[in-house]
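Here is the structure we will look at.
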Amino acid sequence: MIGDGKYVLVVDDIETMRLVLTEVLAQEGFTVVQVGDGVQALGEMQQRHFDAVVTDDHMPCLDGLDLIRQSQMAWPEVPVILFSGIEWDTSGPPEVRQAFAWVRKSSDPGVLLSMLALAVGQGVEWKSQHAMERVGA
């Protein structure tokens with residue numbers, strides 16, 4: 001199992017999406033905490049260590065792009081994967097470039113699992129090797 005007890009924070013305002021992601025990740029051995037917006041996500045990140053974060057972009061209170069910006073300032077070692085239905089590219093907002101990867105929601109779940117495996121496998125060193133992957137476009 002690729003998760004092997006790694007902690008992942010799933011952030012999405014759509015409950016069914018959170019539940020589906022949680023089930024997929026749990027089957028691969030990840031320990032998943034799920035929240036509905038960026039404010040809740042930052043609160044969880046203050047309470048415990050996460051090996052990776054998977055976030056949607058459009059959410060109430062604090063969207064995914066703001067979450068990426070704020071989490072990278074406070075926890076630069078935690079890779080954040082933007083899991084979005086929107087078409088992004090590297091010329092988009094700076095927050096998109098700060099993400100470890102961008103994966104389209106319409107992608108096969110294996111794509112997200114592959115990006116997570118890379119993210120948690122690289123740990124603290126990921127920043128120096130980072131090149132945003134645009135996956136599932």
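How things are named: the first chain in the structure tokens is A, the next is B, and so on; residues count from 1 in each chain; ligands count from 1 in the order shown.
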
Determine, using only C-alpha atoms, which residues of region 41-67 of chain A have any atom at most 10 Å from an atom of region 108-119 of chain A, and tabulate each with its shortest atom pair and distance in Å to one decimal place, rows ordered by chain and then rising number, as CSV.
```
residue,atom,partner,partner_atom,distance
A:Asp51,CA,A:Ala119,CA,8.1
A:Ala52,CA,A:Ala119,CA,6.8
A:Val53,CA,A:Leu116,CA,8.9
A:Val54,CA,A:Leu116,CA,8.6
```

**Prompt:** Could you write out, as a list of chain:residue names, all the residues of region 29-61 of chain A that DSSP marks as strand (DSSP E)?
**Reply:**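 Reading the DSSP output for region 29-61 of chain A, strand (DSSP E) covers A:Thr31, A:Val32, A:Val33, A:Gln34, A:Val35, A:Ala52, A:Val53, A:Val54, A:Thr55.
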
**Request:** Tell me, as number ranges by chain, which residues lie within 9 Å of region 38-42 of chain A, counting only C-alpha atoms; anything in the same chain fewer than 4 positions away does not count.
**Result:** A: 9-12, 34, 46-47, 53, 55, 59-64, 66-68, 70-71

Write out, as a short mmCIF file (atom, residue, chain, number, x, y, z; two decimals), in the first residue's frame, the residues just selected, with all heavy atoms.
```cif
data_model
loop_
_atom_site.label_atom_id
_atom_site.label_comp_id
_atom_site.auth_asym_id
_atom_site.auth_seq_id
_atom_site.Cartn_x
_atom_site.Cartn_y
_atom_site.Cartn_z
N LEU A 9 -4.60 15.28 4.39
CA LEU A 9 -5.75 16.16 4.63
C LEU A 9 -6.47 16.36 3.31
O LEU A 9 -5.86 16.81 2.33
CB LEU A 9 -5.27 17.49 5.19
CG LEU A 9 -6.33 18.54 5.47
CD1 LEU A 9 -7.35 18.05 6.50
CD2 LEU A 9 -5.68 19.84 5.95
N VAL A 10 -7.76 16.02 3.26
CA VAL A 10 -8.59 16.21 2.08
C VAL A 10 -9.51 17.39 2.34
O VAL A 10 -10.23 17.42 3.34
CB VAL A 10 -9.41 14.94 1.77
CG1 VAL A 10 -10.44 15.21 0.68
CG2 VAL A 10 -8.50 13.79 1.37
N VAL A 11 -9.45 18.38 1.43
CA VAL A 11 -10.20 19.62 1.60
C VAL A 11 -11.10 19.83 0.38
O VAL A 11 -10.62 20.04 -0.73
CB VAL A 11 -9.25 20.83 1.75
CG1 VAL A 11 -10.04 22.08 2.14
CG2 VAL A 11 -8.13 20.54 2.73
N ASP A 12 -12.41 19.74 0.61
CA ASP A 12 -13.37 19.95 -0.48
C ASP A 12 -14.71 20.30 0.15
O ASP A 12 -15.10 19.68 1.15
CB ASP A 12 -13.51 18.68 -1.34
CG ASP A 12 -14.10 18.96 -2.70
OD1 ASP A 12 -15.17 19.60 -2.77
OD2 ASP A 12 -13.50 18.54 -3.71
N GLN A 34 -10.69 14.81 6.80
CA GLN A 34 -11.38 15.58 5.76
C GLN A 34 -12.09 16.79 6.36
O GLN A 34 -12.61 16.73 7.46
CB GLN A 34 -12.37 14.69 5.02
CG GLN A 34 -13.33 13.94 5.93
CD GLN A 34 -14.37 13.17 5.16
OE1 GLN A 34 -15.12 13.76 4.39
NE2 GLN A 34 -14.43 11.87 5.38
N GLN A 46 -2.73 23.06 12.09
CA GLN A 46 -2.14 23.57 13.32
C GLN A 46 -2.15 22.50 14.42
O GLN A 46 -1.31 22.52 15.31
CB GLN A 46 -2.87 24.81 13.80
CG GLN A 46 -2.63 26.02 12.93
CD GLN A 46 -3.50 27.20 13.31
OE1 GLN A 46 -4.46 27.08 14.05
NE2 GLN A 46 -3.15 28.37 12.77
N GLN A 47 -3.09 21.58 14.34
CA GLN A 47 -3.25 20.57 15.39
C GLN A 47 -2.41 19.32 15.18
O GLN A 47 -2.08 18.63 16.14
CB GLN A 47 -4.72 20.16 15.51
CG GLN A 47 -5.59 21.27 16.03
CD GLN A 47 -7.04 20.84 16.13
OE1 GLN A 47 -7.35 19.65 16.14
NE2 GLN A 47 -7.94 21.81 16.20
N VAL A 53 -1.47 17.33 1.46
CA VAL A 53 -2.81 17.92 1.44
C VAL A 53 -3.34 17.81 0.02
O VAL A 53 -2.61 18.07 -0.94
CB VAL A 53 -2.78 19.40 1.87
CG1 VAL A 53 -4.16 20.04 1.74
CG2 VAL A 53 -2.25 19.55 3.29
N THR A 55 -6.45 19.42 -2.10
CA THR A 55 -7.48 20.44 -1.97
C THR A 55 -8.16 20.79 -3.29
O THR A 55 -7.52 20.81 -4.34
CB THR A 55 -6.89 21.73 -1.34
OG1 THR A 55 -7.96 22.66 -1.11
CG2 THR A 55 -5.84 22.38 -2.21
N MET A 59 -14.02 26.97 -2.84
CA MET A 59 -14.67 26.60 -1.59
C MET A 59 -15.05 27.89 -0.86
O MET A 59 -14.44 28.93 -1.07
CB MET A 59 -13.73 25.79 -0.71
CG MET A 59 -13.31 24.46 -1.31
SD MET A 59 -12.16 23.58 -0.26
CE MET A 59 -10.69 24.61 -0.39
N PRO A 60 -16.04 27.80 0.04
CA PRO A 60 -16.39 28.98 0.83
C PRO A 60 -15.32 29.28 1.89
O PRO A 60 -14.48 28.42 2.19
CB PRO A 60 -17.71 28.56 1.50
CG PRO A 60 -17.63 27.08 1.57
CD PRO A 60 -16.87 26.65 0.34
N CYS A 61 -15.36 30.45 2.43
CA CYS A 61 -14.50 30.92 3.52
C CYS A 61 -13.06 31.14 3.09
O CYS A 61 -12.57 32.25 3.16
CB CYS A 61 -14.55 29.99 4.73
SG CYS A 61 -16.20 29.83 5.42
N LEU A 62 -12.37 30.11 2.65
CA LEU A 62 -10.99 30.23 2.20
C LEU A 62 -10.81 29.20 1.09
O LEU A 62 -10.92 28.00 1.33
CB LEU A 62 -10.02 29.94 3.35
CG LEU A 62 -8.53 30.11 3.06
CD1 LEU A 62 -8.17 31.60 2.96
CD2 LEU A 62 -7.70 29.47 4.15
N ASP A 63 -10.56 29.67 -0.13
CA ASP A 63 -10.50 28.73 -1.25
C ASP A 63 -9.15 28.01 -1.30
O ASP A 63 -8.24 28.28 -0.52
CB ASP A 63 -10.82 29.42 -2.57
CG ASP A 63 -9.77 30.43 -3.02
OD1 ASP A 63 -8.62 30.38 -2.56
OD2 ASP A 63 -10.12 31.27 -3.86
N GLY A 64 -9.03 27.09 -2.22
CA GLY A 64 -7.85 26.25 -2.33
C GLY A 64 -6.57 27.01 -2.65
O GLY A 64 -5.49 26.67 -2.17
N ASP A 66 -5.88 30.16 -1.81
CA ASP A 66 -5.45 30.83 -0.57
C ASP A 66 -4.90 29.81 0.42
O ASP A 66 -3.95 30.10 1.15
CB ASP A 66 -6.60 31.60 0.06
CG ASP A 66 -6.91 32.89 -0.68
OD1 ASP A 66 -5.99 33.46 -1.31
OD2 ASP A 66 -8.07 33.33 -0.64
N LEU A 67 -5.49 28.64 0.46
CA LEU A 67 -4.98 27.58 1.34
C LEU A 67 -3.55 27.20 0.95
O LEU A 67 -2.69 27.05 1.81
CB LEU A 67 -5.89 26.35 1.30
CG LEU A 67 -5.38 25.13 2.06
CD1 LEU A 67 -5.19 25.43 3.54
CD2 LEU A 67 -6.32 23.96 1.85
N ILE A 68 -3.29 27.07 -0.34
CA ILE A 68 -1.94 26.75 -0.79
C ILE A 68 -0.97 27.83 -0.34
O ILE A 68 0.08 27.53 0.24
CB ILE A 68 -1.89 26.60 -2.33
CG1 ILE A 68 -2.63 25.32 -2.76
CG2 ILE A 68 -0.44 26.56 -2.83
CD1 ILE A 68 -2.84 25.21 -4.26
N GLN A 70 -1.22 30.11 2.12
CA GLN A 70 -1.02 30.17 3.57
C GLN A 70 -0.32 28.93 4.12
O GLN A 70 0.52 29.04 5.02
CB GLN A 70 -2.37 30.38 4.26
CG GLN A 70 -2.92 31.78 4.00
CD GLN A 70 -4.15 32.08 4.81
OE1 GLN A 70 -4.29 31.62 5.94
NE2 GLN A 70 -5.05 32.86 4.24
N SER A 71 -0.66 27.77 3.61
CA SER A 71 -0.02 26.55 4.13
C SER A 71 1.45 26.49 3.74
O SER A 71 2.29 26.04 4.52
CB SER A 71 -0.76 25.30 3.66
OG SER A 71 -0.62 25.10 2.28
#
```

Any idea what's packed within 10 Å of Gln27 (chain A), counting only C-alpha atoms, ignoring anything in its chain fewer than 5 positions away? Could you give it as an mmCIF file with C-alpha atoms, in the first residue's frame?
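And here's around06.cif as it stands now:
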```
data_model
loop_
_atom_site.group_PDB
_atom_site.id
_atom_site.type_symbol
_atom_site.label_atom_id
_atom_site.label_comp_id
_atom_site.auth_asym_id
_atom_site.auth_seq_id
_atom_site.Cartn_x
_atom_site.Cartn_y
_atom_site.Cartn_z
ATOM 1 C CA MET A 1 0.000 0.000 0.000
ATOM 2 C CA ILE A 2 1.371 3.373 -0.966
ATOM 3 C CA GLY A 3 -0.082 5.254 2.001
ATOM 4 C CA LEU A 21 -11.526 10.506 -1.857
ATOM 5 C CA THR A 22 -11.348 9.309 1.736
#
```

**Message:** I'd like to know which of A:Met45, A:Glu15, A:Ala74, A:Asp4 is closest to Thr31 (chain A), using only C-alpha atoms.
**Reply:**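 Of the candidates, the smallest distance to Thr31 (chain A) is held by A:Asp4.
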
Exercise: Lys105 (chain A) partners within 10 Å, only C-alpha atoms, chain neighbours under 3 positions left out, as a PDB file with N, CA, C and O atoms, in the first residue's frame:
```pdb
ATOM      1  N   MET A  17     -17.609  14.221  -2.573  1.00  0.00           N
ATOM      2  CA  MET A  17     -16.242  14.165  -3.105  1.00  0.00           C
ATOM      3  C   MET A  17     -15.266  13.800  -1.980  1.00  0.00           C
ATOM      4  O   MET A  17     -14.375  12.985  -2.168  1.00  0.00           O
ATOM      5  N   ASP A  56      -9.434  21.069  -3.161  1.00  0.00           N
ATOM      6  CA  ASP A  56     -10.209  21.650  -4.250  1.00  0.00           C
ATOM      7  C   ASP A  56      -9.821  23.124  -4.337  1.00  0.00           C
ATOM      8  O   ASP A  56      -9.120  23.644  -3.457  1.00  0.00           O
ATOM      9  N   LEU A  82      -3.364  20.269  -5.854  1.00  0.00           N
ATOM     10  CA  LEU A  82      -4.596  20.943  -6.247  1.00  0.00           C
ATOM     11  C   LEU A  82      -5.415  19.947  -7.062  1.00  0.00           C
ATOM     12  O   LEU A  82      -4.998  19.518  -8.141  1.00  0.00           O
ATOM     13  N   PHE A  83      -6.558  19.545  -6.517  1.00  0.00           N
ATOM     14  CA  PHE A  83      -7.434  18.561  -7.140  1.00  0.00           C
ATOM     15  C   PHE A  83      -8.657  19.325  -7.618  1.00  0.00           C
ATOM     16  O   PHE A  83      -9.554  19.634  -6.848  1.00  0.00           O
ATOM     17  N   SER A  84      -8.682  19.661  -8.899  1.00  0.00           N
ATOM     18  CA  SER A  84      -9.620  20.657  -9.387  1.00  0.00           C
ATOM     19  C   SER A  84     -10.278  20.249 -10.696  1.00  0.00           C
ATOM     20  O   SER A  84      -9.703  19.512 -11.483  1.00  0.00           O
ATOM     21  N   GLY A  85     -11.449  20.807 -10.903  1.00  0.00           N
ATOM     22  CA  GLY A  85     -12.122  20.635 -12.181  1.00  0.00           C
ATOM     23  C   GLY A  85     -11.754  21.731 -13.164  1.00  0.00           C
ATOM     24  O   GLY A  85     -12.107  21.675 -14.338  1.00  0.00           O
ATOM     25  N   ILE A  86     -11.021  22.737 -12.699  1.00  0.00           N
ATOM     26  CA  ILE A  86     -10.652  23.880 -13.531  1.00  0.00           C
ATOM     27  C   ILE A  86      -9.355  23.590 -14.280  1.00  0.00           C
ATOM     28  O   ILE A  86      -8.448  22.962 -13.754  1.00  0.00           O
ATOM     29  N   TRP A 102      -1.056  19.493  -9.924  1.00  0.00           N
ATOM     30  CA  TRP A 102      -2.448  19.792 -10.205  1.00  0.00           C
ATOM     31  C   TRP A 102      -3.022  18.580 -10.925  1.00  0.00           C
ATOM     32  O   TRP A 102      -2.466  18.120 -11.920  1.00  0.00           O
ATOM     33  N   ASP A 108      -8.545   9.572 -13.745  1.00  0.00           N
ATOM     34  CA  ASP A 108      -8.596   8.281 -13.085  1.00  0.00           C
ATOM     35  C   ASP A 108      -8.022   8.441 -11.677  1.00  0.00           C
ATOM     36  O   ASP A 108      -7.022   9.149 -11.500  1.00  0.00           O
ATOM     37  N   PRO A 109      -8.625   7.813 -10.649  1.00  0.00           N
ATOM     38  CA  PRO A 109      -8.099   7.938  -9.283  1.00  0.00           C
ATOM     39  C   PRO A 109      -6.628   7.526  -9.162  1.00  0.00           C
ATOM     40  O   PRO A 109      -5.905   8.003  -8.288  1.00  0.00           O
ATOM     41  N   VAL A 111      -4.251   8.435 -10.979  1.00  0.00           N
ATOM     42  CA  VAL A 111      -3.404   9.597 -11.228  1.00  0.00           C
ATOM     43  C   VAL A 111      -3.156  10.325  -9.912  1.00  0.00           C
ATOM     44  O   VAL A 111      -2.019  10.662  -9.572  1.00  0.00           O
ATOM     45  N   LEU A 112      -4.212  10.565  -9.140  1.00  0.00           N
ATOM     46  CA  LEU A 112      -4.061  11.219  -7.846  1.00  0.00           C
ATOM     47  C   LEU A 112      -3.203  10.366  -6.914  1.00  0.00           C
ATOM     48  O   LEU A 112      -2.312  10.881  -6.233  1.00  0.00           O
ATOM     49  N   VAL A 135      -1.774  17.152 -14.738  1.00  0.00           N
ATOM     50  CA  VAL A 135      -2.146  15.759 -14.965  1.00  0.00           C
ATOM     51  C   VAL A 135      -3.649  15.670 -15.263  1.00  0.00           C
ATOM     52  O   VAL A 135      -4.455  16.326 -14.616  1.00  0.00           O
ATOM     53  N   GLY A 136      -3.991  14.823 -16.184  1.00  0.00           N
ATOM     54  CA  GLY A 136      -5.384  14.537 -16.450  1.00  0.00           C
ATOM     55  C   GLY A 136      -6.119  15.606 -17.231  1.00  0.00           C
ATOM     56  O   GLY A 136      -7.322  15.683 -17.177  1.00  0.00           O
ATOM     57  N   ALA A 137      -5.399  16.447 -17.921  1.00  0.00           N
ATOM     58  CA  ALA A 137      -6.047  17.530 -18.673  1.00  0.00           C
ATOM     59  C   ALA A 137      -6.795  17.001 -19.858  1.00  0.00           C
ATOM     60  O   ALA A 137      -6.548  15.981 -20.373  1.00  0.00           O
TER      61      ALA A 137
END
```

**Message:** Give me, as JSON, numbers by chain, the residues of region 3-136 of chain A that a backbone DSSP run labels alpha helix (DSSP H).
**Reply:** {"A": [15, 16, 17, 18, 19, 20, 21, 22, 23, 24, 25, 26, 27, 38, 39, 40, 41, 42, 43, 44, 45, 46, 47, 64, 65, 66, 67, 68, 69, 70, 71, 72, 73, 74, 94, 95, 96, 97, 98, 109, 110, 111, 112, 113, 114, 115, 116, 117, 118, 119, 120, 121, 122, 126, 127, 128, 129]}

**Message:** If I take CA of Glu44 (chain A) and CA of Tyr7 (chain A), how far is one from the other in Å, to one decimal?
**Reply:** 11.5 Å

**Message:** Counting only C-alpha atoms, which residue out of A:Arg18, A:Arg69, A:His49, A:Lys6 sits closest to Gly36 (chain A)?
**Reply:**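 The shortest atom-to-atom distance to Gly36 (chain A) comes from A:Arg18.
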
**Message:** Between CA of Phe100 (chain A) and CA of Pro76 (chain A), what is the distance in Å, rounded to a tenth?
**Reply:** 10.8 Å
